[in-house]
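A short write-up of the structure that comes next.
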Amino acid sequence: MGSVATIQTLLDARTLWHAGRQASVADDGEPSGHAPLDRLLPQGGWPRRALTELLLPADGVGELALLMPTLARLTQTAATVAVIAPPYLPYAPAWQAAGIDLAHLQIIDATPRDGLWAFEQCLRSGACAAVLGWPQQASAPSLRRLQVAADSGDCLGFAFRDHAHAANPSPAALRLLRTAPAAGTPAWQILKCRGGPAPAQRFVIEAG
């Protein structure tokens, strides 16, 4: 019979959070490139080996700008970034201007059903540093598989979904909701984060 994880093991691995106790979390997150966000997250950045869910009122509301610093840093170190069935064809000159090395960017075209499968396989493969996907109709078990795959593949997973899903529970380690603009700047609310309670403070993407 396989070994059984103890509660302390789960706490140490931040799989389980003990309510009422300040989480002891090292600053071992992947820097997002946005200081206001990194200051709010217990790990000081994107949770590694995990799925991050970005909940949006519509496509094209600043969600890619949120990820560009991280994707640029990864591709510039020859790490592969996979983009699974994006709703619109990425505009290569804009990605290059953001610092993305296109030689290490893989765009995978697929139907919604095949896209979910491809998303999971890329996360699990160990060949990708980050994977972006749009699993709009994913069930709770499907999202759980994506989270497990990101952990198994030592990968950053980013799932773009409709904001209507904000009311539903999710196994994602981090959930961000795009909220009403603040002074014309994209604003985000942390709904859930690994390592502690979600902060009430919103953050904005700083220009420049």
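Chain identifiers are assigned as A, B, and so on, following the order in which chains appear in the structure tokens; residues are numbered from 1 within each chain, and ligands are numbered from 1 in order of appearance.
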
DSSP alpha helix (DSSP H) selection over range 15-197 of chain A, as a PyMOL selection string
chain A and resi 35-40+63-76+92-97+112-125+140-152

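Residues surrounding Ser125 in chain A within 10 Å are Glu120, Gln121, Ala129, Ala149, Ala150, Ser152, Gly153, Asp154 and Cys155 of chain A [only C-alpha atoms; sequence separation below 4 positions excluded].
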
Near Leu143 in chain A, counting only C-alpha atoms, which residues have an atom at most 8 Å away, once you skip same-chain residues fewer than 3 positions from it, shown as JSON, numbers by chain?
{"A": [138, 139, 140, 146, 147, 170, 171, 172]}

Write a file of the just-selected residues containing N, CA, C and O atoms, as a PDB file, in the first residue's frame.
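What ended up in part.pdb:
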```pdb
ATOM      1  N   ALA A 138     -14.553  23.745 -18.710  1.00  0.00           N
ATOM      2  CA  ALA A 138     -13.918  22.701 -17.907  1.00  0.00           C
ATOM      3  C   ALA A 138     -14.729  22.422 -16.644  1.00  0.00           C
ATOM      4  O   ALA A 138     -15.187  23.338 -15.961  1.00  0.00           O
ATOM      5  N   SER A 139     -14.895  21.148 -16.332  1.00  0.00           N
ATOM      6  CA  SER A 139     -15.563  20.733 -15.106  1.00  0.00           C
ATOM      7  C   SER A 139     -14.579  20.807 -13.939  1.00  0.00           C
ATOM      8  O   SER A 139     -13.366  20.957 -14.131  1.00  0.00           O
ATOM      9  N   ALA A 140     -15.102  20.671 -12.722  1.00  0.00           N
ATOM     10  CA  ALA A 140     -14.233  20.665 -11.541  1.00  0.00           C
ATOM     11  C   ALA A 140     -13.192  19.544 -11.616  1.00  0.00           C
ATOM     12  O   ALA A 140     -12.008  19.770 -11.330  1.00  0.00           O
ATOM     13  N   LEU A 146      -5.817  19.470 -14.273  1.00  0.00           N
ATOM     14  CA  LEU A 146      -4.866  20.500 -14.708  1.00  0.00           C
ATOM     15  C   LEU A 146      -3.941  20.898 -13.564  1.00  0.00           C
ATOM     16  O   LEU A 146      -2.730  21.075 -13.757  1.00  0.00           O
ATOM     17  N   GLN A 147      -4.499  21.047 -12.362  1.00  0.00           N
ATOM     18  CA  GLN A 147      -3.676  21.386 -11.204  1.00  0.00           C
ATOM     19  C   GLN A 147      -2.655  20.287 -10.919  1.00  0.00           C
ATOM     20  O   GLN A 147      -1.474  20.564 -10.686  1.00  0.00           O
ATOM     21  N   SER A 170     -12.834  26.147  -6.924  1.00  0.00           N
ATOM     22  CA  SER A 170     -11.835  25.740  -7.913  1.00  0.00           C
ATOM     23  C   SER A 170     -10.614  25.171  -7.212  1.00  0.00           C
ATOM     24  O   SER A 170     -10.217  25.656  -6.147  1.00  0.00           O
ATOM     25  N   PRO A 171      -9.978  24.150  -7.799  1.00  0.00           N
ATOM     26  CA  PRO A 171      -8.756  23.596  -7.216  1.00  0.00           C
ATOM     27  C   PRO A 171      -7.508  24.403  -7.550  1.00  0.00           C
ATOM     28  O   PRO A 171      -6.416  24.076  -7.092  1.00  0.00           O
ATOM     29  N   ALA A 172      -7.650  25.452  -8.364  1.00  0.00           N
ATOM     30  CA  ALA A 172      -6.487  26.259  -8.734  1.00  0.00           C
ATOM     31  C   ALA A 172      -5.810  26.824  -7.489  1.00  0.00           C
ATOM     32  O   ALA A 172      -6.479  27.211  -6.522  1.00  0.00           O
TER      33      ALA A 172
END
```

Check range 18-98 of chain A with DSSP on the backbone and list each residue it calls strand (DSSP E or B), as a list in words.
Glu30, Trp46, Ala50, Leu51, Thr52, Glu53, Leu54, Leu55, Leu56, Val81, Ala82, Val83 and Ile84 of chain A

Could you make a table, as a Markdown table, of the residues of range 133-161 of chain A that have an atom within 9 Å of an atom of range 62-85 of chain A, each with its nearest atom pair and distance in Å to one decimal, counting only C-alpha atoms, in chain and number order?
```
| residue | atom | partner | partner_atom | distance |
| --- | --- | --- | --- | --- |
| A:Gly133 | CA | A:Ile84 | CA | 4.9 |
| A:Trp134 | CA | A:Ala85 | CA | 7.1 |
| A:Phe158 | CA | A:Leu67 | CA | 9.0 |
| A:Phe160 | CA | A:Glu63 | CA | 8.3 |
```

Only all heavy atoms, please: the residues just picked out, written as a PDB file, in the first residue's frame.
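So the final result, stored in out-v6.pdb, reads:
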```pdb
ATOM      1  N   GLY A 133      -3.939  28.378 -21.332  1.00  0.00           N
ATOM      2  CA  GLY A 133      -5.080  27.716 -21.947  1.00  0.00           C
ATOM      3  C   GLY A 133      -6.376  28.445 -21.637  1.00  0.00           C
ATOM      4  O   GLY A 133      -6.444  29.263 -20.712  1.00  0.00           O
ATOM      5  N   TRP A 134      -7.413  28.130 -22.420  1.00  0.00           N
ATOM      6  CA  TRP A 134      -8.729  28.775 -22.292  1.00  0.00           C
ATOM      7  C   TRP A 134      -9.804  27.712 -22.081  1.00  0.00           C
ATOM      8  O   TRP A 134     -10.687  27.536 -22.924  1.00  0.00           O
ATOM      9  CB  TRP A 134      -9.020  29.601 -23.545  1.00  0.00           C
ATOM     10  CG  TRP A 134      -8.280  30.899 -23.615  1.00  0.00           C
ATOM     11  CD1 TRP A 134      -8.785  32.136 -23.339  1.00  0.00           C
ATOM     12  CD2 TRP A 134      -6.907  31.109 -23.987  1.00  0.00           C
ATOM     13  NE1 TRP A 134      -7.816  33.099 -23.504  1.00  0.00           N
ATOM     14  CE2 TRP A 134      -6.649  32.491 -23.897  1.00  0.00           C
ATOM     15  CE3 TRP A 134      -5.867  30.245 -24.370  1.00  0.00           C
ATOM     16  CZ2 TRP A 134      -5.407  33.032 -24.189  1.00  0.00           C
ATOM     17  CZ3 TRP A 134      -4.623  30.777 -24.655  1.00  0.00           C
ATOM     18  CH2 TRP A 134      -4.405  32.160 -24.563  1.00  0.00           C
ATOM     19  N   PHE A 158      -1.661  28.646 -16.597  1.00  0.00           N
ATOM     20  CA  PHE A 158      -2.531  29.812 -16.547  1.00  0.00           C
ATOM     21  C   PHE A 158      -3.797  29.496 -17.342  1.00  0.00           C
ATOM     22  O   PHE A 158      -3.729  29.243 -18.549  1.00  0.00           O
ATOM     23  CB  PHE A 158      -1.840  31.044 -17.133  1.00  0.00           C
ATOM     24  CG  PHE A 158      -0.624  31.477 -16.351  1.00  0.00           C
ATOM     25  CD1 PHE A 158       0.648  31.128 -16.775  1.00  0.00           C
ATOM     26  CD2 PHE A 158      -0.758  32.226 -15.182  1.00  0.00           C
ATOM     27  CE1 PHE A 158       1.771  31.520 -16.058  1.00  0.00           C
ATOM     28  CE2 PHE A 158       0.356  32.618 -14.456  1.00  0.00           C
ATOM     29  CZ  PHE A 158       1.631  32.262 -14.891  1.00  0.00           C
ATOM     30  N   PHE A 160      -7.464  30.855 -18.546  1.00  0.00           N
ATOM     31  CA  PHE A 160      -8.324  32.023 -18.739  1.00  0.00           C
ATOM     32  C   PHE A 160      -9.771  31.547 -18.820  1.00  0.00           C
ATOM     33  O   PHE A 160     -10.114  30.737 -19.684  1.00  0.00           O
ATOM     34  CB  PHE A 160      -7.940  32.752 -20.029  1.00  0.00           C
ATOM     35  CG  PHE A 160      -6.511  33.206 -20.066  1.00  0.00           C
ATOM     36  CD1 PHE A 160      -5.535  32.429 -20.675  1.00  0.00           C
ATOM     37  CD2 PHE A 160      -6.138  34.407 -19.492  1.00  0.00           C
ATOM     38  CE1 PHE A 160      -4.220  32.840 -20.713  1.00  0.00           C
ATOM     39  CE2 PHE A 160      -4.817  34.835 -19.530  1.00  0.00           C
ATOM     40  CZ  PHE A 160      -3.853  34.049 -20.138  1.00  0.00           C
TER      41      PHE A 160
END
```

If you take only C-alpha atoms and a cut-off of 8 Å, which residues of range 118-181 of chain A touch range 193-199 of chain A, and what are their nearest atom pairs and distances in Å to one decimal, in chain and number order, as a tab-separated table?
```
residue	atom	partner	partner_atom	distance
A:Ala173	CA	A:Arg194	CA	5.3
A:Leu174	CA	A:Cys193	CA	4.5
A:Arg175	CA	A:Cys193	CA	6.6
```

Which residue out of A:Ala200, A:Ala103, A:Val148, A:Leu176 has the minimum interatomic distance to Thr52 in chain A when only C-alpha atoms are used?
A:Leu176

Write out as a ChimeraX atom specification each polymer residue whose atoms come within 9 Å of Ala110 in chain A, counting only C-alpha atoms; drop sequence neighbours fewer than 3 positions from it.
/A:84-86,113-116,118
